file query32.csv (CSV, C-alpha atoms)
chain,number,residue,atom,x,y,z
A,5,MET,CA,-8.0,-102.8,-158.5
A,6,SER,CA,-4.4,-103.7,-159.0
A,7,ARG,CA,-1.7,-102.3,-156.7
A,8,ILE,CA,-0.2,-100.3,-159.6
A,9,ALA,CA,-3.6,-98.8,-160.5
A,10,LEU,CA,-4.2,-98.0,-156.9
A,11,LEU,CA,-0.8,-96.3,-156.5
A,12,PHE,CA,-1.5,-94.3,-159.7
A,13,THR,CA,-4.9,-93.1,-158.4
A,14,VAL,CA,-3.3,-92.2,-155.0
A,15,LEU,CA,-0.6,-90.1,-156.7
A,16,ILE,CA,-3.2,-88.3,-158.9
A,17,PHE,CA,-5.3,-87.3,-155.9
A,18,ALA,CA,-2.2,-86.3,-153.9
A,19,ALA,CA,-1.3,-83.8,-156.6
A,20,LEU,CA,-4.8,-82.3,-156.9
A,21,PRO,CA,-4.8,-80.0,-153.8
A,22,GLN,CA,-1.6,-78.2,-154.9
A,23,ALA,CA,-2.9,-77.9,-158.5
A,24,ALA,CA,-6.2,-76.6,-157.4
A,25,GLY,CA,-4.8,-74.5,-154.7
A,26,ALA,CA,-2.7,-72.0,-156.7
A,27,LYS,CA,-3.1,-69.9,-159.8
A,28,THR,CA,-0.3,-69.0,-162.2
A,29,ILE,CA,-0.8,-65.3,-162.8
A,30,CYS,CA,1.8,-65.1,-165.5
A,31,THR,CA,4.8,-66.8,-167.1
A,32,ILE,CA,6.8,-64.8,-169.6
A,33,VAL,CA,10.1,-65.5,-171.3
A,34,LEU,CA,12.0,-63.1,-173.6
A,35,ASP,CA,15.1,-63.5,-175.7
A,36,ALA,CA,17.6,-61.4,-173.8
A,37,GLY,CA,19.3,-59.9,-176.8
A,38,SER,CA,16.3,-58.9,-179.0
A,39,SER,CA,13.5,-58.8,-176.3
A,40,ASP,CA,11.4,-61.0,-178.6
A,41,VAL,CA,8.7,-62.8,-176.6
A,42,LEU,CA,9.3,-66.5,-176.7
A,43,HIS,CA,6.5,-67.4,-174.4
A,44,GLU,CA,3.7,-65.5,-172.7
A,45,LYS,CA,0.7,-66.8,-170.8
A,46,GLY,CA,-1.5,-65.1,-168.3
A,47,GLU,CA,-2.0,-61.6,-166.9
A,48,CYS,CA,1.6,-60.4,-167.6
A,49,ASP,CA,0.8,-56.7,-167.1
A,50,ARG,CA,-0.7,-57.3,-163.7
A,51,ARG,CA,1.3,-55.6,-161.0
A,52,ALA,CA,2.0,-57.2,-157.7
A,53,THR,CA,4.4,-56.9,-154.7
A,54,PRO,CA,7.9,-57.7,-155.9
A,55,ALA,CA,8.8,-59.2,-152.5
A,56,SER,CA,12.4,-60.3,-152.5
A,57,THR,CA,12.8,-60.1,-156.3
A,58,PHE,CA,13.4,-56.4,-155.4
A,59,LYS,CA,16.8,-57.4,-154.1
A,60,VAL,CA,18.1,-57.6,-157.7
A,61,ALA,CA,17.2,-54.0,-158.4
A,62,LEU,CA,18.4,-52.9,-155.0
A,63,ALA,CA,21.7,-54.6,-155.6
A,64,LEU,CA,22.1,-52.6,-158.9
A,65,ILE,CA,21.3,-49.4,-157.1
A,66,GLY,CA,23.5,-50.2,-154.1
A,67,PHE,CA,26.5,-51.2,-156.2
A,68,ASP,CA,26.1,-48.2,-158.4
A,69,ALA,CA,25.9,-45.8,-155.4
A,70,GLY,CA,29.1,-47.4,-153.9
A,71,TYR,CA,27.4,-48.5,-150.7
A,72,LEU,CA,27.8,-52.1,-151.7
A,73,LYS,CA,31.4,-52.7,-152.6
A,74,ASP,CA,31.7,-56.3,-153.9
A,75,ALA,CA,30.3,-59.7,-153.2
A,76,GLN,CA,31.9,-59.8,-149.7
A,77,SER,CA,31.6,-56.2,-148.6
A,78,PRO,CA,30.2,-54.5,-146.7
A,79,VAL,CA,29.8,-57.0,-143.9
A,80,LEU,CA,26.9,-55.9,-141.7
A,81,PRO,CA,26.4,-57.4,-138.2
A,82,PHE,CA,23.1,-58.8,-137.1
A,83,LYS,CA,21.6,-56.8,-134.2
A,84,GLU,CA,18.9,-57.6,-131.8
A,85,GLY,CA,15.6,-56.2,-133.1
A,86,TYR,CA,16.3,-56.9,-136.7
A,87,VAL,CA,13.8,-59.1,-138.5
A,88,ASP,CA,14.8,-62.7,-138.2
A,89,TRP,CA,11.9,-64.6,-139.7
A,90,ALA,CA,14.2,-67.2,-141.3
A,91,GLY,CA,15.9,-68.1,-138.1
A,92,LYS,CA,19.7,-68.7,-137.7
A,93,GLU,CA,20.6,-67.9,-141.3
A,94,TRP,CA,19.5,-64.3,-140.7
A,95,ARG,CA,21.0,-64.0,-137.2
A,96,GLN,CA,24.6,-63.5,-138.3
A,97,ASP,CA,26.9,-61.1,-140.0
A,98,THR,CA,25.9,-60.8,-143.7
A,99,THR,CA,27.7,-59.9,-146.9
A,100,PRO,CA,26.0,-59.0,-150.2
A,101,ALA,CA,26.5,-62.5,-151.5
A,102,ARG,CA,25.0,-63.9,-148.3
A,103,TRP,CA,22.2,-61.4,-148.4
A,104,MET,CA,21.1,-62.6,-151.8
A,105,ARG,CA,21.6,-66.3,-151.1
A,106,TYR,CA,19.5,-66.3,-147.9
A,107,SER,CA,17.2,-63.4,-148.9
A,108,VAL,CA,18.0,-61.5,-145.7
A,109,VAL,CA,15.4,-58.8,-145.3
A,110,TRP,CA,17.2,-56.8,-142.6
A,111,TYR,CA,20.2,-56.4,-144.9
A,112,SER,CA,17.8,-54.9,-147.5
A,113,GLN,CA,16.5,-52.5,-144.9
A,114,GLN,CA,19.9,-51.3,-144.0
A,115,ILE,CA,20.8,-50.7,-147.7
A,116,ALA,CA,17.5,-48.8,-148.1
A,117,LYS,CA,18.1,-46.6,-145.0
A,118,ALA,CA,21.7,-45.9,-146.1
A,119,LEU,CA,20.7,-44.8,-149.6
A,120,GLY,CA,17.4,-43.0,-148.7
A,121,ALA,CA,14.0,-42.9,-150.3
A,122,GLN,CA,14.7,-40.2,-152.8
A,123,ARG,CA,17.7,-42.0,-154.3
A,124,ILE,CA,16.0,-45.4,-154.4
A,125,SER,CA,12.7,-44.1,-155.9
A,126,GLY,CA,14.5,-42.0,-158.5
A,127,ASP,CA,16.7,-45.0,-159.6
A,128,LEU,CA,13.8,-47.3,-159.7
A,129,GLN,CA,12.0,-44.9,-162.1
A,130,LYS,CA,15.1,-44.8,-164.3
A,131,ILE,CA,15.4,-48.6,-164.3
A,132,GLY,CA,11.7,-49.1,-165.0
A,133,PHE,CA,11.0,-51.1,-161.9
A,134,GLY,CA,7.2,-51.0,-161.7
A,135,ASN,CA,5.6,-48.0,-160.0
A,136,ALA,CA,8.8,-47.1,-158.1
A,137,ASP,CA,6.7,-46.3,-155.1
A,138,ILE,CA,8.6,-46.9,-151.9
A,139,SER,CA,6.3,-44.9,-149.6
A,140,GLY,CA,5.3,-48.0,-147.7
A,141,ASP,CA,2.0,-48.7,-145.9
A,142,LYS,CA,-0.1,-45.6,-145.9
A,143,GLY,CA,0.2,-43.7,-142.6
A,144,TYR,CA,2.9,-45.9,-141.2
A,145,ASN,CA,6.1,-44.3,-142.5
A,146,ASN,CA,7.7,-47.7,-143.1
A,147,GLY,CA,8.7,-47.5,-146.8
A,148,LEU,CA,12.4,-48.1,-146.2
A,149,GLU,CA,11.5,-51.2,-144.1
A,150,ARG,CA,8.9,-52.9,-146.2
A,151,ALA,CA,7.7,-51.0,-149.3
A,152,TRP,CA,8.6,-54.1,-151.4
A,153,ILE,CA,6.8,-56.6,-149.1
A,154,ALA,CA,3.0,-56.5,-149.8
A,155,SER,CA,3.0,-52.8,-149.6
A,156,SER,CA,3.3,-49.8,-152.0
A,157,LEU,CA,5.9,-51.0,-154.5
A,158,GLU,CA,4.5,-53.1,-157.3
A,159,ILE,CA,5.8,-54.5,-160.6
A,160,SER,CA,4.4,-56.6,-163.4
A,161,PRO,CA,6.0,-59.8,-164.8
A,162,ARG,CA,6.5,-57.9,-168.1
A,163,GLU,CA,8.3,-55.1,-166.3
A,164,GLN,CA,10.5,-57.6,-164.6
A,165,VAL,CA,11.7,-59.2,-167.8
A,166,VAL,CA,12.1,-55.9,-169.6
A,167,TYR,CA,14.4,-54.3,-167.0
A,168,LEU,CA,16.3,-57.6,-166.6
A,169,SER,CA,16.9,-57.8,-170.4
A,170,ARG,CA,18.1,-54.2,-170.4
A,171,MET,CA,20.4,-55.0,-167.5
A,172,LEU,CA,22.0,-57.9,-169.4
A,173,ARG,CA,22.5,-55.6,-172.4
A,174,TYR,CA,24.1,-53.0,-170.2
A,175,GLU,CA,21.4,-50.5,-171.2
A,176,LEU,CA,20.3,-49.4,-167.7
A,177,PRO,CA,21.5,-46.1,-166.3
A,178,VAL,CA,23.9,-47.8,-163.9
A,179,SER,CA,27.6,-48.6,-164.2
A,180,ALA,CA,28.7,-51.7,-166.0
A,181,GLU,CA,30.6,-52.7,-162.8
A,182,ALA,CA,27.3,-52.5,-160.9
A,183,VAL,CA,25.7,-54.8,-163.4
A,184,ASP,CA,28.6,-57.3,-163.2
A,185,LEU,CA,28.6,-57.3,-159.4
A,186,THR,CA,24.9,-57.8,-159.2
A,187,LYS,CA,25.1,-60.7,-161.6
A,188,SER,CA,27.8,-62.2,-159.6
A,189,ILE,CA,25.7,-62.6,-156.4
A,190,VAL,CA,22.5,-63.9,-158.0
A,191,GLN,CA,22.0,-67.6,-157.2
A,192,ILE,CA,22.7,-70.1,-159.9
A,193,ASP,CA,20.7,-73.3,-160.5
A,194,GLN,CA,20.4,-75.9,-163.2
A,195,GLY,CA,17.2,-76.2,-165.2
A,196,GLN,CA,16.1,-79.1,-167.2
A,197,GLY,CA,17.5,-79.3,-170.7
A,198,GLY,CA,20.9,-78.0,-169.8
A,199,TRP,CA,20.0,-74.5,-168.9
A,200,THR,CA,22.1,-72.6,-166.4
A,201,VAL,CA,19.6,-70.4,-164.5
A,202,HIS,CA,20.4,-67.2,-162.5
A,203,GLY,CA,17.3,-66.3,-160.5
A,204,LYS,CA,15.7,-64.8,-157.4
A,205,THR,CA,12.5,-65.9,-155.7
A,206,GLY,CA,10.1,-63.7,-153.9
A,207,LEU,CA,7.4,-64.4,-151.3
A,208,ALA,CA,4.8,-62.2,-149.7
A,209,PHE,CA,1.4,-62.4,-148.2
A,210,PRO,CA,-1.3,-59.7,-148.8
A,211,ARG,CA,-2.8,-58.1,-145.7
A,212,ASN,CA,-6.2,-58.5,-144.4
A,213,ALA,CA,-8.3,-55.5,-143.3
A,214,ASP,CA,-6.9,-55.8,-139.7
A,215,ARG,CA,-3.4,-55.8,-141.1
A,216,SER,CA,-2.8,-59.4,-140.4
A,217,PHE,CA,-1.3,-61.5,-143.2
A,218,ASN,CA,-3.5,-63.6,-145.4
A,219,ARG,CA,-1.4,-66.7,-145.5
A,220,SER,CA,-3.8,-68.5,-147.8
A,221,ARG,CA,-3.2,-66.0,-150.7
A,222,GLY,CA,0.5,-65.8,-150.8
A,223,PHE,CA,2.3,-64.5,-153.9
A,224,GLY,CA,5.3,-66.4,-155.3
A,225,TRP,CA,7.8,-65.1,-157.8
A,226,TYR,CA,10.8,-66.5,-159.7
A,227,VAL,CA,12.6,-64.1,-162.0
A,228,GLY,CA,16.0,-64.0,-163.7
A,229,TRP,CA,17.9,-65.2,-166.8
A,230,ALA,CA,19.2,-68.4,-168.2
A,231,GLU,CA,21.9,-69.5,-170.6
A,232,LYS,CA,22.5,-72.4,-172.8
A,233,GLY,CA,24.6,-73.0,-175.9
A,234,GLY,CA,25.2,-69.3,-176.5
A,235,ARG,CA,21.5,-68.4,-176.0
A,236,GLN,CA,20.3,-66.1,-173.2
A,237,VAL,CA,16.7,-65.7,-172.1
A,238,VAL,CA,15.0,-63.7,-169.3
A,239,PHE,CA,12.0,-65.0,-167.5
A,240,ALA,CA,9.4,-64.3,-164.8
A,241,ARG,CA,6.8,-66.5,-163.2
A,242,LEU,CA,4.2,-65.2,-160.7
A,243,ILE,CA,1.8,-67.4,-158.9
A,244,GLN,CA,-0.7,-66.8,-156.2
A,245,ASP,CA,-2.1,-69.4,-153.8
A,246,GLU,CA,-5.9,-69.8,-153.5
A,247,LYS,CA,-5.6,-71.8,-150.3
A,248,ARG,CA,-2.9,-72.3,-147.6
A,249,GLN,CA,-0.4,-75.0,-148.6
A,250,LYS,CA,2.5,-76.8,-147.0
A,251,THR,CA,5.2,-75.3,-149.3
A,252,THR,CA,5.7,-71.7,-150.1
A,253,PRO,CA,4.4,-70.3,-153.5
A,254,SER,CA,7.9,-69.0,-154.2
A,255,THR,CA,9.4,-72.4,-153.8
A,256,ARG,CA,6.8,-73.9,-156.2
A,257,ALA,CA,7.2,-71.0,-158.7
A,258,LYS,CA,11.0,-71.7,-158.9
A,259,ALA,CA,10.7,-75.5,-159.1
A,260,SER,CA,8.1,-75.4,-161.8
A,261,LEU,CA,10.0,-72.8,-163.9
A,262,LEU,CA,13.2,-74.8,-163.7
A,263,LYS,CA,11.3,-77.8,-164.9
A,264,ASP,CA,9.4,-75.9,-167.6
A,265,LEU,CA,12.0,-73.5,-169.0
A,266,ASP,CA,13.4,-75.7,-171.7
A,267,GLY,CA,10.0,-76.3,-173.3
A,268,LEU,CA,9.1,-72.5,-173.0
A,269,THR,CA,12.2,-71.5,-175.1
A,270,ARG,CA,11.5,-73.7,-178.1
call {"tool": "encode", "arguments": {"input": "query32.csv", "output": "structure tokens"}}
result
Amino acid sequence: MSRIALLFTVLIFAALPQAAGAKTICTIVLDAGSSDVLHEKGECDRRATPASTFKVALALIGFDAGYLKDAQSPVLPFKEGYVDWAGKEWRQDTTPARWMRYSVVWYSQQIAKALGAQRISGDLQKIGFGNADISGDKGYNNGLERAWIASSLEISPREQVVYLSRMLRYELPVSAEAVDLTKSIVQIDQGQGGWTVHGKTGLAFPRNADRSFNRSRGFGWYVGWAEKGGRQVVFARLIQDEKRQKTTPSTRAKASLLKDLDGLTR
């Protein structure tokens, strides 16, 4: 076997574990203006934990309520005892812009506690964000801490793109200022084909019967909107691992969507 053929074979087999180890539950892309479906494949009505994609909806609610002021205010200090799974990026004072960029869970928790369950649940219903259930784990009274992380709150990919398209058309029951401020803090990336992509990832692991996390079955989201040449589309991709992998499913969902988006909009 030639060196080139051998290298090609090695590359194929190196790619197989990741391809075989995850399932794309749904990819859906809508025209933002008309809501016409440009691409849909998979179980797009299947609800799952939103994980950190919830931050977009929470930002809308927080800005509309006036708790969040702008991209740099309020500045909330990190306190010992706050969740710090992501290390040093979470162990420091955080603004709304920084919260979204580094997906800081404790900042979400502080917003949720400040606004309260009744306000958040009611606004989620008005927005159309999934089942709007922020009760949390049954019997644990932890809804304001983790309802959106493999717990009671669930949303489908279709519901994600529908509420996002309504947001971009300023049709949600929140102020235009809340929409503009939310849009201003969502991370921007460049997709293939010249698309400017505004999106949020989400990662969560389902629980086993003993309440430990099943890290071989992680959910990975990437949702948002993209613009190119006067066109605007909204998208959602949801994958779930079938075996534990070296990279997170949310990282792979984002990378693959950025690569695929141009072809999905034709």
call {"tool": "closest_atom_pairs", "arguments": {"input": "query32.csv", "of": "stretch 31-85 of chain A", "to": "stretch 252-258 of chain A", "cutoff": "12 Å", "atoms": "only C-alpha atoms", "output": "Markdown table"}}
result
| residue | atom | partner | partner_atom | distance |
| --- | --- | --- | --- | --- |
| A:Thr31 | CA | A:Ala257 | CA | 9.7 |
| A:Pro54 | CA | A:Ser254 | CA | 11.4 |
| A:Ala55 | CA | A:Ser254 | CA | 10.0 |
| A:Ser56 | CA | A:Ser254 | CA | 9.9 |
| A:Thr57 | CA | A:Ser254 | CA | 10.4 |
call {"tool": "residues_around", "arguments": {"input": "query32.csv", "residues": "A:Arg219", "least_positions_apart": "6", "cutoff": "8 Å", "atoms": "only C-alpha atoms", "output": "list of chain:residue names"}}
result
A:Phe209, A:Pro210, A:Arg248
call {"tool": "residues_near_point", "arguments": {"input": "query32.csv", "point": "(-3.9, -65.5, -167.6)", "cutoff": "8 Å", "atoms": "only C-alpha atoms", "output": "PyMOL selection string"}}
result
chain A and resi 28-30+45-48
call {"tool": "atom_distance", "arguments": {"input": "query32.csv", "atom1": "atom CA of A:Phe217", "atom2": "atom CA of A:Leu242"}}
result
18.7 Å
call {"tool": "closest_residue", "arguments": {"input": "query32.csv", "among": "A:Leu72, A:Ala52, A:Ile65, A:Val33", "to": "A:Leu261", "atoms": "all atoms listed in the file"}}
result
A:Val33
call {"tool": "residues_near_point", "arguments": {"input": "query32.csv", "point": "(13.4, -70.5, -175.8)", "cutoff": "12 Å", "atoms": "all atoms listed in the file", "output": "VMD selection string"}}
result
chain A and resid 32 to 36 39 to 44 197 199 229 to 239 264 to 270
call {"tool": "write_last_selection", "arguments": {"input": "query32.csv", "atoms": "C-alpha atoms", "output": "tab-separated table (two decimals), keeping the file's coordinate frame"}}
result
chain	number	residue	atom	x	y	z
A	32	ILE	CA	6.80	-64.80	-169.60
A	33	VAL	CA	10.10	-65.50	-171.30
A	34	LEU	CA	12.00	-63.10	-173.60
A	35	ASP	CA	15.10	-63.50	-175.70
A	36	ALA	CA	17.60	-61.40	-173.80
A	39	SER	CA	13.50	-58.80	-176.30
A	40	ASP	CA	11.40	-61.00	-178.60
A	41	VAL	CA	8.70	-62.80	-176.60
A	42	LEU	CA	9.30	-66.50	-176.70
A	43	HIS	CA	6.50	-67.40	-174.40
A	44	GLU	CA	3.70	-65.50	-172.70
A	197	GLY	CA	17.50	-79.30	-170.70
A	199	TRP	CA	20.00	-74.50	-168.90
A	229	TRP	CA	17.90	-65.20	-166.80
A	230	ALA	CA	19.20	-68.40	-168.20
A	231	GLU	CA	21.90	-69.50	-170.60
A	232	LYS	CA	22.50	-72.40	-172.80
A	233	GLY	CA	24.60	-73.00	-175.90
A	234	GLY	CA	25.20	-69.30	-176.50
A	235	ARG	CA	21.50	-68.40	-176.00
A	236	GLN	CA	20.30	-66.10	-173.20
A	237	VAL	CA	16.70	-65.70	-172.10
A	238	VAL	CA	15.00	-63.70	-169.30
A	239	PHE	CA	12.00	-65.00	-167.50
A	264	ASP	CA	9.40	-75.90	-167.60
A	265	LEU	CA	12.00	-73.50	-169.00
A	266	ASP	CA	13.40	-75.70	-171.70
A	267	GLY	CA	10.00	-76.30	-173.30
A	268	LEU	CA	9.10	-72.50	-173.00
A	269	THR	CA	12.20	-71.50	-175.10
A	270	ARG	CA	11.50	-73.70	-178.10
call {"tool": "closest_residue", "arguments": {"input": "query32.csv", "among": "A:Glu149, A:Glu246, A:Glu163, A:Glu175", "to": "A:Val87", "atoms": "all atoms listed in the file"}}
result
A:Glu149
call {"tool": "atom_distance", "arguments": {"input": "query32.csv", "atom1": "atom CA of A:Leu157", "atom2": "atom CA of A:Ala116"}}
result
13.4 Å
call {"tool": "atom_distance", "arguments": {"input": "query32.csv", "atom1": "atom CA of A:Tyr106", "atom2": "atom CA of A:Ala90"}}
result
8.5 Å
call {"tool": "closest_residue", "arguments": {"input": "query32.csv", "among": "A:Val166, A:Gly70, A:Asn145, A:Ala151", "to": "A:Gly37", "atoms": "only C-alpha atoms"}}
result
A:Val166
call {"tool": "closest_residue", "arguments": {"input": "query32.csv", "among": "A:Lys27, A:Ile189, A:Met171, A:Asp68", "to": "A:Arg241", "atoms": "only C-alpha atoms"}}
result
A:Lys27
call {"tool": "closest_residue", "arguments": {"input": "query32.csv", "among": "A:Lys73, A:Gly206, A:Arg162, A:Gly143", "to": "A:Ser107", "atoms": "all atoms listed in the file"}}
result
A:Gly206
call {"tool": "closest_residue", "arguments": {"input": "query32.csv", "among": "A:Arg123, A:Val60, A:Asp49, A:Phe133", "to": "A:Tyr226", "atoms": "all atoms listed in the file"}}
result
A:Val60
call {"tool": "residues_around", "arguments": {"input": "query32.csv", "residues": "A:Lys263", "least_positions_apart": "6", "cutoff": "10 Å", "atoms": "only C-alpha atoms", "output": "PyMOL selection string"}}
result
chain A and resi 194-197
